[in-house]
Amino acid sequence: MLLVINATTNDSMTNDKSCLLKNFKCNMSVNKEIKKITTNTLLKMKATGEKISMITAYDYSFSRLFDNAGIDIILVGDSASNVMAGHETTLPITLDQMIYHASSVVRGIDRCLVVVDLPFGSYQGNSKEALSSTIRIMKETGAHAIKLEGGEEVLESVKRIINSGIPVMGHLGLTPQSIYKFGTYTVRAKEEAEAEKLKKDALLLEEAGCFAVVLEKIPASLAQQVSVSLNIPTIGIGAGKYCDGQVLVMHDMLGINTEFKPRFLRQYLNLHEQVTTAVQHYISDVKSNNFPNESEQY
Ligand code: KIV
């Protein structure tokens with residue numbers, strides 16, 4: 001018996017292997033065909049006004065959770081440099097490290113689109129370098145698309161990657177790989193000149209063939225203008241409600257980080273407190289010889 005679930009659009013890719021959910025995932029004794037999110041799905045979502053949900057993930061267990069929860073896109077962000085490796089910026093993470101995170105994420109998903117950040121230093125040199133970094137990601141992780149930061153200055157690379165058949169997501173506004181150029185993480189494009197450049201860059205990225213563009217930390221009114229001017233979806237983070245979708249870093253929205261509380265962040269859980277309490281209970285049970293008890297041993 002084949003049962004179709006999550007049928008939001010008609011353009012899904014189906015193949016025998018990836019579209020047969022394992023019974024333990026379905027919790028039923030039938031095979032289920034699932035609709036995969038593709039770049040075309042996202043375009044249709046924009047056209048029909050359905051908002052796009054995106055979240056970061058860096059490992060198998062969380063990507064599996066998020067995919068089963070119904071997320072549209074998982075971004076293997078270079079924010080892994082911050083939240084997984086503890087670096088102050090996104091600059092230190094390497095291509096090999098991004099490939100490790102991305103391949104773990106891909107093993108956890110059945111349905112959503114997986115986008116991987118090209119890390120700092122893997123594409124800025126020239127478009128050939130950008131393409132060979134991208135090809136490594138695609139070959140070694142099984143991800144579906146890449147993201148890179150910048151507009152006009154990376155256009156040649158964007159075109160080269162897309163010409164080779166690989167979908168590209170753009171990223172404008174606050175681009176953390178340029179933090180030492182900006183000097184701060186404050187809101188970008190408040191001034192007219194920067195706002196104009198951003199609008200032009202967004203159009204250039206669309207013309208070059210990008211399937212979506214992230215808008216990070218810019219005024220909501222500017223994000224609205226960009227979203228209206230583009231046929232491809234905008235995915236906002238700190239860019240207000242008029243974007244076609246939203247993205248948050250999982251550690252921020254789940255409340256694992258306590259130090260990072262920007263205005264744009266909605267925290268959906270307080271995992272910091274919950275994990276601390278759980279681990280304290282465990283420590284206390286071990287110390288008091290309350291764990292394991294009779295039924296927890298062989
Ligand atoms: O690396 C990342 O997590 C990102 C998001 C903030 C968009 O690029």
# chains A, B, ... in the order shown; residues from 1 in each chain; ligands from 1

call {"tool": "residues_around", "arguments": {"residues": "A:Arg188", "least_positions_apart": "6", "cutoff": "6 Å", "atoms": "only C-alpha atoms", "output": "CSV table (one decimal) with C-alpha atoms, in the first residue's frame"}}
result
chain,number,residue,atom,x,y,z
A,173,GLY,CA,22.7,42.2,4.4
A,174,LEU,CA,24.7,41.2,7.5
A,218,ILE,CA,18.2,44.6,7.6

call {"tool": "closest_atom_pairs", "arguments": {"of": "stretch 20-89 of chain A", "to": "stretch 109-126 of chain A", "cutoff": "12 Å", "atoms": "only C-alpha atoms", "output": "tab-separated table"}}
result
residue	atom	partner	partner_atom	distance
A:Leu20	CA	A:Asp110	CA	8.8
A:Leu21	CA	A:Asp110	CA	7.5
A:Lys22	CA	A:Asp110	CA	9.9
A:Lys25	CA	A:Asp110	CA	10.2
A:Cys26	CA	A:Asp110	CA	11.7
A:Lys32	CA	A:Asp110	CA	11.3
A:Glu33	CA	A:Arg111	CA	10.1
A:Ile34	CA	A:Arg111	CA	6.8
A:Lys35	CA	A:Arg111	CA	6.5
A:Lys36	CA	A:Arg111	CA	4.5
A:Ile37	CA	A:Cys112	CA	5.2
A:Thr38	CA	A:Leu113	CA	6.2
A:Thr39	CA	A:Leu113	CA	7.8
A:Asn40	CA	A:Leu113	CA	10.8
A:Thr41	CA	A:Leu113	CA	9.8
A:Leu42	CA	A:Leu113	CA	9.6
A:Ile52	CA	A:Cys112	CA	11.2
A:Ser53	CA	A:Cys112	CA	10.1
A:Met54	CA	A:Leu113	CA	9.3
A:Ile55	CA	A:Val114	CA	10.1
A:Thr56	CA	A:Val115	CA	9.3
A:Ala57	CA	A:Val114	CA	9.5
A:Tyr58	CA	A:Val116	CA	9.9
A:Asp59	CA	A:Ile109	CA	10.6
A:Tyr60	CA	A:Ile109	CA	8.1
A:Ser61	CA	A:Ile109	CA	9.6
A:Phe62	CA	A:Ile109	CA	9.6
A:Ser63	CA	A:Ile109	CA	6.2
A:Arg64	CA	A:Ile109	CA	5.4
A:Leu65	CA	A:Ile109	CA	8.6
A:Phe66	CA	A:Ile109	CA	8.4
A:Asp67	CA	A:Ile109	CA	5.6
A:Asn68	CA	A:Ile109	CA	7.9
A:Ala69	CA	A:Cys112	CA	10.2
A:Gly70	CA	A:Cys112	CA	7.6
A:Ile71	CA	A:Cys112	CA	6.4
A:Asp72	CA	A:Cys112	CA	5.1
A:Ile73	CA	A:Leu113	CA	4.7
A:Ile74	CA	A:Val114	CA	4.9
A:Leu75	CA	A:Val115	CA	4.9
A:Val76	CA	A:Val116	CA	4.7
A:Gly77	CA	A:Asp117	CA	5.2
A:Asp78	CA	A:Asp117	CA	5.7
A:Ser79	CA	A:Asp117	CA	9.0
A:Ala80	CA	A:Asp117	CA	9.9
A:Ser81	CA	A:Pro119	CA	9.4
A:Thr89	CA	A:Phe120	CA	10.4

call {"tool": "write_last_selection", "arguments": {"atoms": "N, CA and C atoms", "output": "compact mmCIF listing (two decimals), in the first residue's frame"}}
result
# COMPACT_ATOMS: atom_id res chain seq x y z
N LEU A 20 10.66 5.81 0.48
CA LEU A 20 9.98 4.81 1.29
C LEU A 20 10.42 5.01 2.73
N LEU A 21 9.57 5.63 3.51
CA LEU A 21 9.90 5.85 4.91
C LEU A 21 9.97 4.53 5.63
N LYS A 22 10.93 4.43 6.51
CA LYS A 22 11.02 3.18 7.26
C LYS A 22 9.88 3.12 8.27
N LYS A 25 9.80 5.11 11.45
CA LYS A 25 9.55 6.54 11.34
C LYS A 25 8.05 6.80 11.20
N CYS A 26 7.37 5.96 10.43
CA CYS A 26 5.94 6.16 10.20
C CYS A 26 5.13 5.73 11.41
N LYS A 32 5.29 4.52 3.09
CA LYS A 32 4.67 5.78 2.72
C LYS A 32 5.53 6.52 1.74
N GLU A 33 4.90 7.08 0.71
CA GLU A 33 5.64 7.90 -0.23
C GLU A 33 5.61 9.33 0.31
N ILE A 34 6.77 9.98 0.33
CA ILE A 34 6.77 11.35 0.83
C ILE A 34 7.14 12.31 -0.28
N LYS A 35 6.66 13.52 -0.14
CA LYS A 35 6.94 14.56 -1.13
C LYS A 35 8.19 15.31 -0.69
N LYS A 36 9.18 15.31 -1.55
CA LYS A 36 10.42 16.00 -1.21
C LYS A 36 10.31 17.49 -1.52
N ILE A 37 10.93 18.29 -0.69
CA ILE A 37 10.99 19.72 -0.97
C ILE A 37 12.13 19.96 -1.96
N THR A 38 11.81 20.61 -3.04
CA THR A 38 12.83 20.96 -4.04
C THR A 38 12.87 22.48 -4.19
N THR A 39 13.82 22.95 -4.98
CA THR A 39 13.87 24.39 -5.21
C THR A 39 12.59 24.86 -5.92
N ASN A 40 12.01 23.99 -6.75
CA ASN A 40 10.74 24.33 -7.41
C ASN A 40 9.60 24.46 -6.41
N THR A 41 9.62 23.58 -5.40
CA THR A 41 8.59 23.66 -4.36
C THR A 41 8.65 25.05 -3.72
N LEU A 42 9.86 25.53 -3.47
CA LEU A 42 10.01 26.82 -2.78
C LEU A 42 9.48 27.96 -3.65
N ILE A 52 7.99 29.93 4.09
CA ILE A 52 9.01 28.86 4.08
C ILE A 52 9.73 28.83 5.43
N SER A 53 9.84 27.62 6.01
CA SER A 53 10.53 27.50 7.31
C SER A 53 11.92 26.89 7.09
N MET A 54 12.90 27.53 7.69
CA MET A 54 14.29 27.03 7.56
C MET A 54 14.93 27.11 8.94
N ILE A 55 15.74 26.13 9.26
CA ILE A 55 16.44 26.09 10.54
C ILE A 55 17.83 25.53 10.28
N THR A 56 18.78 25.88 11.10
CA THR A 56 20.11 25.29 10.94
C THR A 56 20.16 23.95 11.66
N ALA A 57 21.03 23.08 11.19
CA ALA A 57 21.35 21.84 11.91
C ALA A 57 22.75 21.44 11.48
N TYR A 58 23.39 20.66 12.32
CA TYR A 58 24.80 20.34 12.08
C TYR A 58 25.10 18.86 12.29
N ASP A 59 24.06 18.09 12.69
CA ASP A 59 24.31 16.68 12.94
C ASP A 59 23.10 15.83 12.57
N TYR A 60 23.28 14.53 12.64
CA TYR A 60 22.26 13.56 12.23
C TYR A 60 21.02 13.63 13.13
N SER A 61 21.21 13.63 14.43
CA SER A 61 20.07 13.50 15.35
C SER A 61 19.11 14.69 15.25
N PHE A 62 19.65 15.89 15.23
CA PHE A 62 18.78 17.06 15.13
C PHE A 62 18.16 17.19 13.74
N SER A 63 18.92 16.84 12.70
CA SER A 63 18.32 16.97 11.36
C SER A 63 17.16 15.99 11.23
N ARG A 64 17.29 14.83 11.84
CA ARG A 64 16.21 13.84 11.79
C ARG A 64 14.96 14.37 12.52
N LEU A 65 15.21 14.98 13.68
CA LEU A 65 14.10 15.59 14.43
C LEU A 65 13.41 16.68 13.61
N PHE A 66 14.21 17.56 13.04
CA PHE A 66 13.64 18.72 12.33
C PHE A 66 12.91 18.27 11.05
N ASP A 67 13.48 17.30 10.37
CA ASP A 67 12.84 16.80 9.14
C ASP A 67 11.50 16.15 9.49
N ASN A 68 11.49 15.33 10.53
CA ASN A 68 10.24 14.69 10.95
C ASN A 68 9.22 15.71 11.45
N ALA A 69 9.70 16.84 11.99
CA ALA A 69 8.78 17.88 12.45
C ALA A 69 8.15 18.63 11.28
N GLY A 70 8.75 18.50 10.08
CA GLY A 70 8.13 19.10 8.90
C GLY A 70 8.81 20.36 8.39
N ILE A 71 10.05 20.58 8.80
CA ILE A 71 10.76 21.79 8.34
C ILE A 71 10.96 21.72 6.82
N ASP A 72 10.94 22.88 6.15
CA ASP A 72 11.10 22.90 4.70
C ASP A 72 12.57 22.80 4.28
N ILE A 73 13.41 23.59 4.97
CA ILE A 73 14.84 23.62 4.59
C ILE A 73 15.70 23.48 5.85
N ILE A 74 16.73 22.65 5.77
CA ILE A 74 17.77 22.66 6.80
C ILE A 74 19.00 23.32 6.19
N LEU A 75 19.50 24.31 6.91
CA LEU A 75 20.74 24.96 6.51
C LEU A 75 21.87 24.43 7.38
N VAL A 76 22.86 23.83 6.73
CA VAL A 76 24.09 23.49 7.46
C VAL A 76 24.93 24.75 7.40
N GLY A 77 24.70 25.61 8.38
CA GLY A 77 25.30 26.95 8.36
C GLY A 77 26.75 26.90 8.83
N ASP A 78 27.51 27.89 8.35
CA ASP A 78 28.87 28.00 8.89
C ASP A 78 28.84 28.57 10.30
N SER A 79 27.62 28.85 10.80
CA SER A 79 27.45 29.16 12.23
C SER A 79 27.87 27.95 13.07
N ALA A 80 28.09 26.81 12.44
CA ALA A 80 28.69 25.65 13.14
C ALA A 80 30.01 26.08 13.78
N SER A 81 30.68 27.01 13.13
CA SER A 81 31.95 27.52 13.67
C SER A 81 31.74 28.10 15.08
N THR A 89 33.91 33.74 15.58
CA THR A 89 33.35 34.11 14.28
C THR A 89 33.17 32.85 13.42

call {"tool": "closest_residue", "arguments": {"among": "A:Ile179, A:Lys147, A:Ile135, A:Glu216", "to": "A:Gly165", "atoms": "only C-alpha atoms"}}
result
A:Ile135

call {"tool": "closest_residue", "arguments": {"among": "A:Ile146, A:Leu215, A:Val228, A:Leu269", "to": "ligand 1", "atoms": "only C-alpha atoms and all ligand atoms"}}
result
A:Leu215

call {"tool": "atom_distance", "arguments": {"atom1": "atom CA of A:Val275", "atom2": "atom CA of A:Gly255"}}
result
10.3 Å

call {"tool": "select_by_dssp", "arguments": {"residues": "stretch 192-243 of chain A", "states": "strand (DSSP E)", "output": "ChimeraX atom specification"}}
result
/A:212-216,234-237

call {"tool": "atom_distance", "arguments": {"atom1": "atom CA of A:Ile235", "atom2": "atom CA of A:Ser127"}}
result
24.7 Å

call {"tool": "atom_distance", "arguments": {"atom1": "atom 5 (C, counted along the ligand's line) of ligand 1", "atom2": "atom CA of A:Val279"}}
result
29.5 Å

call {"tool": "closest_residue", "arguments": {"among": "A:Leu230, A:Val213, A:Val249, A:Leu203", "to": "ligand 1", "atoms": "only C-alpha atoms and all ligand atoms"}}
result
A:Val249

call {"tool": "residues_around", "arguments": {"residues": "A:Glu140", "least_positions_apart": "4", "cutoff": "9 Å", "atoms": "only C-alpha atoms", "output": "number ranges by chain"}}
result
A: 99-100, 102-103, 135-136

call {"tool": "closest_residue", "arguments": {"among": "A:His171, A:His144, A:Lys44, A:Arg160", "to": "ligand 1", "atoms": "only C-alpha atoms and all ligand atoms"}}
result
A:His171

call {"tool": "residues_around", "arguments": {"residues": "A:Pro167", "least_positions_apart": "5", "cutoff": "7 Å", "atoms": "only C-alpha atoms", "output": "MDAnalysis selection string"}}
result
chainID A and resid 145:146 162 210:211

call {"tool": "residues_around", "arguments": {"residues": "A:Lys217", "least_positions_apart": "2", "cutoff": "10 Å", "atoms": "only C-alpha atoms", "output": "PyMOL selection string"}}
result
chain A and resi 172-175+185-189+214-215+219-220+223+236-240+264

call {"tool": "closest_residue", "arguments": {"among": "A:Ser157, A:Ser284, A:Asn293, A:Gln177", "to": "ligand 1", "atoms": "only C-alpha atoms and all ligand atoms"}}
result
A:Gln177

call {"tool": "residues_around", "arguments": {"residues": "A:Leu204", "least_positions_apart": "5", "cutoff": "8 Å", "atoms": "only C-alpha atoms", "output": "PyMOL selection string"}}
result
chain A and resi 151-152+155

call {"tool": "write_last_selection", "arguments": {"atoms": "C-alpha atoms", "output": "PDB file, in the first residue's frame"}}
result
ATOM      1  CA  GLY A 151      26.189  40.086  -4.245  1.00  0.00           C
ATOM      2  CA  GLU A 152      27.903  41.531  -7.301  1.00  0.00           C
ATOM      3  CA  LEU A 155      28.358  36.891  -9.180  1.00  0.00           C
TER       4      LEU A 155
END

call {"tool": "closest_residue", "arguments": {"among": "A:Ala202, A:Leu271, A:Ala278, A:Val247", "to": "ligand 1", "atoms": "only C-alpha atoms and all ligand atoms"}}
result
A:Val247
